[in-house]
file coords.pdb (PDB, C-alpha atoms)
ATOM      1  CA  MET A   1    -281.009 104.513  57.822
ATOM      2  CA  MET A   2    -280.670 103.906  54.130
ATOM      3  CA  LYS A   3    -283.853 105.799  53.415
ATOM      4  CA  LYS A   4    -282.673 108.942  55.174
ATOM      5  CA  TRP A   5    -279.571 109.007  53.015
ATOM      6  CA  ILE A   6    -281.625 108.700  49.891
ATOM      7  CA  VAL A   7    -283.896 111.546  50.956
ATOM      8  CA  LEU A   8    -280.876 113.709  51.761
ATOM      9  CA  LEU A   9    -279.320 112.922  48.425
ATOM     10  CA  MET A  10    -282.511 113.822  46.632
ATOM     11  CA  VAL A  11    -282.778 117.123  48.473
ATOM     12  CA  ALA A  12    -279.195 117.922  47.582
ATOM     13  CA  MET A  13    -279.805 117.084  43.923
ATOM     14  CA  ILE A  14    -282.908 119.234  43.770
ATOM     15  CA  GLY A  15    -280.963 122.008  45.427
ATOM     16  CA  LEU A  16    -278.217 121.733  42.853
ATOM     17  CA  GLY A  17    -280.762 121.578  40.069
ATOM     18  CA  ILE A  18    -282.422 124.798  41.148
ATOM     19  CA  ASN A  19    -279.043 126.292  41.726
ATOM     20  CA  SER A  20    -277.788 125.781  38.222
ATOM     21  CA  ALA A  21    -281.050 126.124  36.342
ATOM     22  CA  ALA A  22    -283.142 129.006  37.582
ATOM     23  CA  PHE A  23    -280.511 131.049  39.407
ATOM     24  CA  ALA A  24    -277.397 130.524  37.366
ATOM     25  CA  GLU A  25    -277.682 133.872  35.603
ATOM     26  CA  ASP A  26    -276.693 136.308  38.295
ATOM     27  CA  GLU A  27    -277.035 134.689  41.691
ATOM     28  CA  SER A  28    -277.222 131.258  43.319
ATOM     29  CA  PHE A  29    -280.270 129.836  45.017
ATOM     30  CA  PHE A  30    -278.608 130.369  48.365
ATOM     31  CA  ASP A  31    -277.639 133.969  47.643
ATOM     32  CA  TRP A  32    -281.219 134.535  46.746
ATOM     33  CA  LEU A  33    -282.480 132.801  49.891
ATOM     34  CA  PHE A  34    -280.217 134.802  52.198
ATOM     35  CA  SER A  35    -280.816 138.079  50.446
ATOM     36  CA  LEU A  36    -284.569 137.989  51.045
ATOM     37  CA  GLU A  37    -284.466 140.129  54.155
ATOM     38  CA  PRO A  38    -282.075 142.868  53.031
ATOM     39  CA  ARG A  39    -284.148 143.305  49.872
ATOM     40  CA  ASN A  40    -286.412 145.430  52.002
ATOM     41  CA  GLU A  41    -283.602 147.942  52.113
ATOM     42  CA  ILE A  42    -281.025 149.284  49.615
ATOM     43  CA  LYS A  43    -278.509 147.057  47.844
ATOM     44  CA  PRO A  44    -275.113 147.369  49.601
ATOM     45  CA  MET A  45    -272.163 148.543  47.479
ATOM     46  CA  HIS A  46    -269.553 145.836  46.966
ATOM     47  CA  ASN A  47    -267.597 147.682  44.288
ATOM     48  CA  GLU A  48    -264.141 148.144  45.812
ATOM     49  CA  LEU A  49    -263.084 150.922  43.479
ATOM     50  CA  TYR A  50    -266.261 152.830  44.284
ATOM     51  CA  ASN A  51    -265.900 152.368  48.012
ATOM     52  CA  GLU A  52    -262.361 153.694  47.777
ATOM     53  CA  GLU A  53    -262.931 156.593  45.380
ATOM     54  CA  CYS A  54    -266.160 157.927  46.827
ATOM     55  CA  SER A  55    -265.485 157.598  50.547
ATOM     56  CA  ASP A  56    -262.816 160.264  51.141
ATOM     57  CA  CYS A  57    -265.189 163.137  51.869
ATOM     58  CA  HIS A  58    -268.393 161.348  52.955
ATOM     59  CA  PHE A  59    -269.630 157.772  53.272
ATOM     60  CA  PRO A  60    -270.109 156.079  49.873
ATOM     61  CA  TYR A  61    -273.785 156.478  48.925
ATOM     62  CA  GLN A  62    -275.384 153.340  47.479
ATOM     63  CA  ALA A  63    -276.226 153.299  43.767
ATOM     64  CA  GLY A  64    -279.855 152.455  44.618
ATOM     65  CA  LEU A  65    -280.410 155.842  46.273
ATOM     66  CA  LEU A  66    -280.625 157.702  42.936
ATOM     67  CA  PRO A  67    -281.936 156.938  39.448
ATOM     68  CA  GLU A  68    -279.600 156.447  36.490
ATOM     69  CA  ALA A  69    -280.272 159.947  35.123
ATOM     70  CA  SER A  70    -279.080 161.520  38.386
ATOM     71  CA  TRP A  71    -275.849 159.531  38.404
ATOM     72  CA  ARG A  72    -275.243 160.489  34.778
ATOM     73  CA  LYS A  73    -275.578 164.182  35.629
ATOM     74  CA  LEU A  74    -273.351 163.886  38.712
ATOM     75  CA  PHE A  75    -270.668 162.149  36.664
ATOM     76  CA  GLU A  76    -270.352 164.727  33.887
ATOM     77  CA  PRO A  77    -266.664 165.778  34.020
ATOM     78  CA  ALA A  78    -267.599 169.419  34.711
ATOM     79  CA  ALA A  79    -270.049 168.337  37.416
ATOM     80  CA  LEU A  80    -267.373 166.319  39.236
ATOM     81  CA  GLU A  81    -265.011 169.275  39.061
ATOM     82  CA  ASP A  82    -267.613 171.368  40.856
ATOM     83  CA  HIS A  83    -269.192 168.720  43.057
ATOM     84  CA  PHE A  84    -271.354 170.672  45.516
ATOM     85  CA  GLY A  85    -268.597 173.293  45.764
ATOM     86  CA  ASP A  86    -265.820 170.725  46.105
ATOM     87  CA  ASN A  87    -263.514 169.214  43.495
ATOM     88  CA  ALA A  88    -264.078 165.472  43.029
ATOM     89  CA  GLU A  89    -262.726 165.146  39.493
ATOM     90  CA  LEU A  90    -261.664 161.710  38.254
ATOM     91  CA  ASP A  91    -259.596 160.487  35.333
ATOM     92  CA  ASP A  92    -261.850 159.310  32.501
ATOM     93  CA  GLU A  93    -261.158 155.632  32.956
ATOM     94  CA  THR A  94    -262.158 155.671  36.637
ATOM     95  CA  ARG A  95    -265.090 157.951  35.937
ATOM     96  CA  ILE A  96    -266.598 155.611  33.333
ATOM     97  CA  GLU A  97    -265.964 152.512  35.423
ATOM     98  CA  LEU A  98    -267.694 153.989  38.474
ATOM     99  CA  LEU A  99    -270.590 155.397  36.473
ATOM    100  CA  THR A 100    -271.158 151.999  34.838
ATOM    101  CA  ALA A 101    -271.259 150.309  38.238
ATOM    102  CA  LEU A 102    -273.668 152.919  39.598
ATOM    103  CA  ILE A 103    -276.005 152.656  36.615
ATOM    104  CA  ALA A 104    -276.166 148.860  36.927
ATOM    105  CA  ASP A 105    -277.580 149.145  40.460
ATOM    106  CA  SER A 106    -279.312 152.521  40.191
ATOM    107  CA  ALA A 107    -282.689 152.941  41.866
ATOM    108  CA  ASP A 108    -284.663 152.493  38.629
ATOM    109  CA  LYS A 109    -283.055 149.078  38.032
ATOM    110  CA  SER A 110    -283.102 147.833  41.611
ATOM    111  CA  HIS A 111    -285.527 145.284  43.057
ATOM    112  CA  TYR A 112    -284.914 146.537  46.562
ATOM    113  CA  LYS A 113    -287.953 147.972  48.281
ATOM    114  CA  ARG A 114    -286.627 151.389  49.202
ATOM    115  CA  SER A 115    -285.174 151.958  45.739
ATOM    116  CA  LYS A 116    -288.608 151.252  44.284
ATOM    117  CA  LYS A 117    -290.149 153.734  46.700
ATOM    118  CA  ILE A 118    -287.569 156.326  45.703
ATOM    119  CA  ILE A 119    -288.508 155.901  42.046
ATOM    120  CA  ALA A 120    -292.228 155.855  42.769
ATOM    121  CA  SER A 121    -291.933 159.201  44.555
ATOM    122  CA  LEU A 122    -290.144 160.907  41.649
ATOM    123  CA  GLY A 123    -291.921 162.463  38.682
ATOM    124  CA  GLU A 124    -291.277 161.015  35.222
ATOM    125  CA  ASN A 125    -288.329 163.207  34.236
ATOM    126  CA  GLU A 126    -287.168 164.127  37.689
ATOM    127  CA  ALA A 127    -283.494 163.423  38.367
ATOM    128  CA  PRO A 128    -282.290 165.359  41.423
ATOM    129  CA  LEU A 129    -278.565 165.696  42.118
ATOM    130  CA  ARG A 130    -279.182 165.212  45.786
ATOM    131  CA  ILE A 131    -280.650 162.203  47.580
ATOM    132  CA  ILE A 132    -282.081 164.548  50.188
ATOM    133  CA  ASP A 133    -284.178 166.221  47.469
ATOM    134  CA  ILE A 134    -286.035 162.988  46.670
ATOM    135  CA  PRO A 135    -289.656 163.317  47.854
ATOM    136  CA  TYR A 136    -289.642 159.902  49.582
ATOM    137  CA  ILE A 137    -286.459 160.779  51.539
ATOM    138  CA  LYS A 138    -287.764 164.279  52.335
ATOM    139  CA  ARG A 139    -291.029 162.869  53.624
ATOM    140  CA  LYS A 140    -289.275 160.355  55.872
ATOM    141  CA  HIS A 141    -287.319 163.125  57.602
ATOM    142  CA  HIS A 142    -290.027 165.728  57.655
ATOM    143  CA  ASP A 143    -290.660 165.476  61.405
ATOM    144  CA  ILE A 144    -287.068 165.768  62.605
ATOM    145  CA  PRO A 145    -286.449 169.206  64.155
ATOM    146  CA  GLU A 146    -283.759 171.273  62.380
ATOM    147  CA  ASP A 147    -281.744 171.753  65.563
ATOM    148  CA  LEU A 148    -281.072 167.994  65.591
ATOM    149  CA  ILE A 149    -279.695 168.228  62.036
ATOM    150  CA  ALA A 150    -278.159 171.567  60.942
ATOM    151  CA  GLY A 151    -277.880 172.725  64.558
ATOM    152  CA  ASN A 152    -276.096 169.503  65.510
ATOM    153  CA  GLU A 153    -272.300 169.735  65.049
ATOM    154  CA  LYS A 154    -272.092 165.916  64.825
ATOM    155  CA  VAL A 155    -274.580 165.743  61.946
ATOM    156  CA  LYS A 156    -274.379 169.091  60.081
ATOM    157  CA  SER A 157    -276.715 168.089  57.291
ATOM    158  CA  LEU A 158    -279.210 165.423  56.301
ATOM    159  CA  SER A 159    -276.707 164.493  53.565
ATOM    160  CA  TYR A 160    -274.599 162.528  56.044
ATOM    161  CA  CYS A 161    -276.878 159.524  56.344
ATOM    162  CA  ASP A 162    -274.316 157.540  58.324
ATOM    163  CA  ALA A 163    -274.262 160.134  61.121
ATOM    164  CA  CYS A 164    -277.687 158.834  62.228
ATOM    165  CA  HIS A 165    -278.285 155.570  60.370
ATOM    166  CA  GLN A 166    -275.944 153.182  62.154
ATOM    167  CA  LYS A 167    -276.091 150.607  59.353
ATOM    168  CA  ALA A 168    -276.038 153.008  56.405
ATOM    169  CA  ASP A 169    -272.845 151.420  55.076
ATOM    170  CA  GLU A 170    -274.758 148.119  54.701
ATOM    171  CA  GLY A 171    -277.613 149.869  52.925
ATOM    172  CA  ILE A 172    -279.932 149.488  55.927
ATOM    173  CA  TYR A 173    -282.007 152.586  56.718
ATOM    174  CA  ASP A 174    -284.746 151.074  58.881
ATOM    175  CA  ASP A 175    -285.892 153.512  61.573
ATOM    176  CA  ASP A 176    -284.953 150.912  64.233
ATOM    177  CA  THR A 177    -281.299 151.478  63.383
ATOM    178  CA  VAL A 178    -281.313 155.267  63.851
ATOM    179  CA  VAL A 179    -279.360 157.013  66.600
ATOM    180  CA  ILE A 180    -279.191 160.800  66.315
ATOM    181  CA  PRO A 181    -275.869 161.896  67.894
ATOM    182  CA  GLY A 182    -276.462 163.741  71.152
ATOM    183  CA  HIS A 183    -280.104 162.717  71.087
ATOM    184  CA  GLY A 184    -280.120 158.936  71.415
ATOM    185  CA  ASN A 185    -282.279 156.225  69.879
ATOM    186  CA  TRP A 186    -285.030 157.436  67.682
ATOM    187  CA  THR A 187    -288.366 157.250  69.468
ATOM    188  CA  TRP A 188    -291.173 159.681  69.464
TER     189      TRP A 188
ATOM    190  CA  MET B  10    -209.210 147.495  47.098
ATOM    191  CA  ASN B  11    -210.590 144.387  45.547
ATOM    192  CA  LYS B  12    -213.521 144.268  43.242
ATOM    193  CA  LEU B  13    -215.909 143.094  45.912
ATOM    194  CA  THR B  14    -215.155 146.050  48.218
ATOM    195  CA  LEU B  15    -215.585 148.437  45.314
ATOM    196  CA  PHE B  16    -218.848 146.821  44.444
ATOM    197  CA  ILE B  17    -220.132 147.165  48.008
ATOM    198  CA  ILE B  18    -219.097 150.814  48.191
ATOM    199  CA  ALA B  19    -220.780 151.502  44.870
ATOM    200  CA  LEU B  20    -223.907 149.797  46.157
ATOM    201  CA  LEU B  21    -223.923 151.862  49.333
ATOM    202  CA  LEU B  22    -223.496 155.096  47.419
ATOM    203  CA  SER B  23    -226.098 154.326  44.813
ATOM    204  CA  PRO B  24    -229.530 155.722  45.587
ATOM    205  CA  VAL B  25    -231.083 152.339  44.822
ATOM    206  CA  ALA B  26    -229.369 150.740  47.797
ATOM    207  CA  VAL B  27    -230.926 153.222  50.185
ATOM    208  CA  ALA B  28    -234.472 151.995  50.729
ATOM    209  CA  ALA B  29    -236.395 155.114  49.728
ATOM    210  CA  THR B  30    -239.505 155.919  51.753
ATOM    211  CA  PRO B  31    -242.751 156.375  49.813
ATOM    212  CA  ILE B  32    -242.593 160.162  50.083
ATOM    213  CA  GLU B  33    -239.000 160.154  48.775
ATOM    214  CA  GLN B  34    -240.169 157.976  45.916
ATOM    215  CA  ARG B  35    -242.923 160.471  45.122
ATOM    216  CA  MET B  36    -240.404 163.318  45.073
ATOM    217  CA  ALA B  37    -238.321 161.248  42.684
ATOM    218  CA  ASP B  38    -241.426 160.648  40.536
ATOM    219  CA  TYR B  39    -241.782 164.423  40.137
ATOM    220  CA  ASN B  40    -238.077 164.796  39.404
ATOM    221  CA  PRO B  41    -237.063 161.919  37.109
ATOM    222  CA  ASP B  42    -234.031 163.684  35.629
ATOM    223  CA  GLY B  43    -232.885 165.187  38.906
ATOM    224  CA  ASN B  44    -232.968 168.704  37.434
ATOM    225  CA  LEU B  45    -235.118 170.194  40.164
ATOM    226  CA  THR B  46    -234.234 171.036  43.766
ATOM    227  CA  PHE B  47    -237.099 170.854  46.191
ATOM    228  CA  ASP B  48    -237.213 173.201  49.139
ATOM    229  CA  ALA B  49    -239.192 172.644  52.356
ATOM    230  CA  LYS B  50    -239.333 176.381  53.191
ATOM    231  CA  ARG B  51    -240.917 177.210  49.841
ATOM    232  CA  GLY B  52    -243.283 174.279  50.341
ATOM    233  CA  GLU B  53    -244.255 175.550  53.782
ATOM    234  CA  ALA B  54    -244.977 179.052  52.462
ATOM    235  CA  LEU B  55    -247.128 177.613  49.698
ATOM    236  CA  TRP B  56    -248.977 175.304  52.101
ATOM    237  CA  HIS B  57    -250.049 178.387  54.071
ATOM    238  CA  GLN B  58    -250.776 180.611  51.064
ATOM    239  CA  GLN B  59    -254.328 181.866  51.387
ATOM    240  CA  ARG B  60    -257.020 182.714  48.884
ATOM    241  CA  MET B  61    -260.334 184.363  49.667
ATOM    242  CA  VAL B  62    -263.416 182.742  48.122
ATOM    243  CA  ASP B  63    -266.941 183.900  49.006
ATOM    244  CA  GLY B  64    -265.651 185.658  52.112
ATOM    245  CA  LYS B  65    -263.782 182.615  53.414
ATOM    246  CA  GLN B  66    -260.030 181.971  53.530
ATOM    247  CA  ARG B  67    -258.778 178.804  51.870
ATOM    248  CA  ASP B  68    -255.407 177.194  52.444
ATOM    249  CA  CYS B  69    -254.168 173.622  52.793
ATOM    250  CA  ASN B  70    -254.868 173.636  56.528
ATOM    251  CA  THR B  71    -258.547 174.324  55.861
ATOM    252  CA  CYS B  72    -259.103 170.548  55.761
ATOM    253  CA  HIS B  73    -255.794 169.072  56.924
ATOM    254  CA  GLY B  74    -255.742 171.073  60.169
ATOM    255  CA  LYS B  75    -253.137 173.251  61.900
ATOM    256  CA  ASP B  76    -251.054 170.391  63.281
ATOM    257  CA  LEU B  77    -250.224 167.988  60.483
ATOM    258  CA  THR B  78    -249.285 165.211  62.911
ATOM    259  CA  GLN B  79    -252.959 165.184  63.970
ATOM    260  CA  ALA B  80    -256.028 164.203  61.998
ATOM    261  CA  GLY B  81    -257.834 166.961  60.105
ATOM    262  CA  LYS B  82    -261.480 167.429  59.211
ATOM    263  CA  HIS B  83    -263.071 168.106  55.838
ATOM    264  CA  VAL B  84    -264.267 171.718  56.047
ATOM    265  CA  LYS B  85    -267.694 171.002  54.565
ATOM    266  CA  THR B  86    -268.543 167.380  55.328
ATOM    267  CA  GLY B  87    -266.683 167.116  58.649
ATOM    268  CA  LYS B  88    -265.230 163.746  57.674
ATOM    269  CA  VAL B  89    -261.993 162.922  59.503
ATOM    270  CA  ILE B  90    -258.818 163.085  57.381
ATOM    271  CA  GLU B  91    -255.867 161.090  58.692
ATOM    272  CA  PRO B  92    -252.663 163.083  59.519
ATOM    273  CA  MET B  93    -250.749 164.434  56.513
ATOM    274  CA  ALA B  94    -247.239 164.513  58.047
ATOM    275  CA  TYR B  95    -245.249 161.522  56.884
ATOM    276  CA  SER B  96    -243.704 161.258  60.382
ATOM    277  CA  ALA B  97    -247.168 160.623  61.832
ATOM    278  CA  ASN B  98    -248.730 158.554  59.082
ATOM    279  CA  LYS B  99    -246.666 155.992  57.212
ATOM    280  CA  GLU B 100    -249.579 155.144  54.932
ATOM    281  CA  ARG B 101    -249.290 158.511  53.265
ATOM    282  CA  PHE B 102    -247.973 159.019  49.728
ATOM    283  CA  THR B 103    -247.765 155.294  48.951
ATOM    284  CA  LYS B 104    -249.546 155.604  45.588
ATOM    285  CA  LEU B 105    -248.492 158.054  42.901
ATOM    286  CA  LYS B 106    -251.949 157.913  41.358
ATOM    287  CA  LYS B 107    -253.565 159.023  44.596
ATOM    288  CA  VAL B 108    -251.031 161.802  45.172
ATOM    289  CA  LYS B 109    -251.555 163.116  41.628
ATOM    290  CA  LYS B 110    -255.330 163.005  41.973
ATOM    291  CA  TRP B 111    -255.372 165.004  45.212
ATOM    292  CA  PHE B 112    -252.744 167.532  44.158
ATOM    293  CA  LYS B 113    -254.913 168.266  41.161
ATOM    294  CA  ARG B 114    -258.171 168.575  43.129
ATOM    295  CA  ASN B 115    -256.752 170.405  46.138
ATOM    296  CA  CYS B 116    -254.535 172.877  44.265
ATOM    297  CA  LYS B 117    -257.490 173.823  42.065
ATOM    298  CA  TRP B 118    -259.848 174.171  45.017
ATOM    299  CA  THR B 119    -257.375 176.035  47.228
ATOM    300  CA  TYR B 120    -255.426 178.214  44.761
ATOM    301  CA  GLY B 121    -257.830 178.185  41.834
ATOM    302  CA  ARG B 122    -255.201 176.634  39.560
ATOM    303  CA  GLU B 123    -253.094 173.500  39.241
ATOM    304  CA  CYS B 124    -249.699 173.353  40.980
ATOM    305  CA  THR B 125    -246.478 173.150  38.991
ATOM    306  CA  THR B 126    -244.117 170.191  39.313
ATOM    307  CA  GLN B 127    -241.711 172.402  41.271
ATOM    308  CA  GLU B 128    -244.482 173.361  43.698
ATOM    309  CA  LYS B 129    -245.622 169.767  44.203
ATOM    310  CA  GLY B 130    -242.048 168.743  44.977
ATOM    311  CA  ASP B 131    -241.655 171.630  47.433
ATOM    312  CA  LEU B 132    -244.910 170.681  49.166
ATOM    313  CA  LEU B 133    -243.806 167.038  49.453
ATOM    314  CA  LYS B 134    -240.435 168.092  50.831
ATOM    315  CA  TYR B 135    -242.218 170.156  53.488
ATOM    316  CA  LEU B 136    -244.510 167.237  54.390
ATOM    317  CA  SER B 137    -241.567 164.830  54.532
ATOM    318  CA  GLN B 138    -239.776 166.968  57.134
ATOM    319  CA  TYR B 139    -242.764 168.026  59.208
TER     320      TYR B 139
END
call {"tool": "encode", "arguments": {"input": "coords.pdb", "output": "structure tokens"}}
result
Amino acid sequence: MMKKWIVLLMVAMIGLGINSAAFAEDESFFDWLFSLEPRNEIKPMHNELYNEECSDCHFPYQAGLLPEASWRKLFEPAALEDHFGDNAELDDETRIELLTALIADSADKSHYKRSKKIIASLGENEAPLRIIDIPYIKRKHHDIPEDLIAGNEKVKSLSYCDACHQKADEGIYDDDTVVIPGHGNWTW
Amino acid sequence: MNKLTLFIIALLLSPVAVAATPIEQRMADYNPDGNLTFDAKRGEALWHQQRMVDGKQRDCNTCHGKDLTQAGKHVKTGKVIEPMAYSANKERFTKLKKVKKWFKRNCKWTYGRECTTQEKGDLLKYLSQY
């Protein structure tokens, strides 16, 4: 009986040790442990201001879907004023705060698998304004017939990731989680 | 009349005593000195004022829909926009910052210019009575 307690205590102490030593900087041991699986995907956005400001016209795209240089271009004041034909202008304070948050988790800084693939598919100085212009993203959707996208009133464009990717808001884009509206689960 | 009665009457008459709704508060925000008179009819006319851009008509209903007690749909992205009429959506107009932001964006996009304070007040008056 006594021995079990001692073992437990030791495990707990080691746990705490790891916790405060190696992982104290930005995440705990347990955060790290539980985040192993999602790291295959795209880091979810937990920035409340971002999720509020950038969700009025479409779902809030994760920072890890574009490199820093793309976010910088999108967040030029003039660019926000003419944001793909719409006006998404922000006051300077909000603009800087959101841009800073996006840069911190942009694809070129992310350790998440899909962000790395996004970067790997882009040329050195390539910084598209659109996620759907990234070669990796283009390639992944190459085989989907246009009438399921543009010809589909419930999708309209590949830009609306969340129309098909049921877990897009959690940053999960795995093909097992795709349902194309009016078409059903994605299977060939 | 004793002082207490007077006090109560004064309280009832004062605008502070009347719990202003968010949209009334926003109208007051745009009219701090009380110099302006807002008019729902003018607001309605402005709401429907159209501008042609690239062969397509733009007005406020383009995204907010014909019936403001119902949800609208963003003309390009298709995203649902909750009803604009205050009677149908009590979460509307609760934050001045949000109202200012969207007046700026939507007036520029729809009319190609910013709206004046008078116009914003008229539009709010229209939406408050819809």
call {"tool": "closest_residue", "arguments": {"input": "coords.pdb", "among": "A:Val179, A:Leu74, A:Ile131, A:Val155", "to": "chain B", "atoms": "all atoms listed in the file"}}
result
A:Val155
call {"tool": "resolve_selection", "arguments": {"input": "coords.pdb", "expression": "the ChimeraX specification (/A :<7) & /B", "output": "ChimeraX atom specification"}}
result
/B:83,86,88,114,118
call {"tool": "residues_around", "arguments": {"input": "coords.pdb", "residues": "region 130-132 of chain B", "least_positions_apart": "2", "cutoff": "8 Å", "atoms": "only C-alpha atoms", "output": "list in words"}}
result
Met36, Tyr39, Asn40, Phe47, Asp48, Ala49, Lys50, Arg51, Gly52, Glu53, Leu55, Trp56, Thr126, Gln127, Glu128, Lys134, Tyr135 and Leu136 of chain B
call {"tool": "atom_distance", "arguments": {"input": "coords.pdb", "atom1": "CA of Asn40 (chain A)", "atom2": "CA of Ile118 (chain A)"}}
result
12.6 Å
call {"tool": "residues_around", "arguments": {"input": "coords.pdb", "residues": "region 64-77 of chain B", "least_positions_apart": "5", "cutoff": "7 Å", "atoms": "all atoms listed in the file", "output": "ChimeraX atom specification"}}
result
/B:56-59,82-84,90,92-94,119
call {"tool": "axis_aligned_box", "arguments": {"input": "coords.pdb", "around": "region 66-78 of chain B", "padding_each_side": "4 Å", "output": "AutoDock Vina command-line options"}}
result
--center_x -254.7 --center_y 173.6 --center_z 57.6 --size_x 18.7 --size_y 24.8 --size_z 19.4
call {"tool": "residues_around", "arguments": {"input": "coords.pdb", "residues": "region 98-102 of chain A", "least_positions_apart": "2", "cutoff": "9 Å", "atoms": "all atoms listed in the file", "output": "ChimeraX atom specification"}}
result
/A:47,49-50,53,62-64,68,71-72,75,93-96,104-106
call {"tool": "atom_distance", "arguments": {"input": "coords.pdb", "atom1": "CA of Ser137 (chain B)", "atom2": "CA of Phe102 (chain B)"}}
result
9.9 Å
call {"tool": "atom_distance", "arguments": {"input": "coords.pdb", "atom1": "CA of Lys167 (chain A)", "atom2": "CA of Pro44 (chain A)"}}
result
10.3 Å
call {"tool": "residues_around", "arguments": {"input": "coords.pdb", "residues": "Asp174 (chain A)", "least_positions_apart": "6", "cutoff": "10 Å", "atoms": "all atoms listed in the file", "output": "list in words"}}
result
Asn40, Glu41, Arg114, His165, Gln166, Lys167 and Ala168 of chain A
call {"tool": "closest_residue", "arguments": {"input": "coords.pdb", "among": "B:Thr78, B:Thr103, B:Gln138, B:Thr46", "to": "Gln34 (chain B)", "atoms": "all atoms listed in the file"}}
result
B:Thr103
call {"tool": "residues_around", "arguments": {"input": "coords.pdb", "residues": "Val108 (chain B)", "least_positions_apart": "3", "cutoff": "10 Å", "atoms": "all atoms listed in the file", "output": "PyMOL selection string"}}
result
chain B and resi 32+35+101-105+111-113+129+133
call {"tool": "resolve_selection", "arguments": {"input": "coords.pdb", "expression": "the PyMOL selection byres ((chain A and resi 148) around 10)", "output": "number ranges by chain"}}
result
A: 144-147, 149-158, 180-183
call {"tool": "closest_residue", "arguments": {"input": "coords.pdb", "among": "A:Asn51, A:Tyr112, A:His141, A:Ser70", "to": "Ile172 (chain A)", "atoms": "all atoms listed in the file"}}
result
A:Tyr112
call {"tool": "closest_residue", "arguments": {"input": "coords.pdb", "among": "A:Pro60, A:Tyr173, A:Glu97, A:Lys109", "to": "His46 (chain A)", "atoms": "all atoms listed in the file"}}
result
A:Pro60
call {"tool": "resolve_selection", "arguments": {"input": "coords.pdb", "expression": "the PyMOL selection byres ((chain A and resi 135-137) around 7)", "output": "PyMOL selection string"}}
result
chain A and resi 117-118+121-122+132-134+138-141
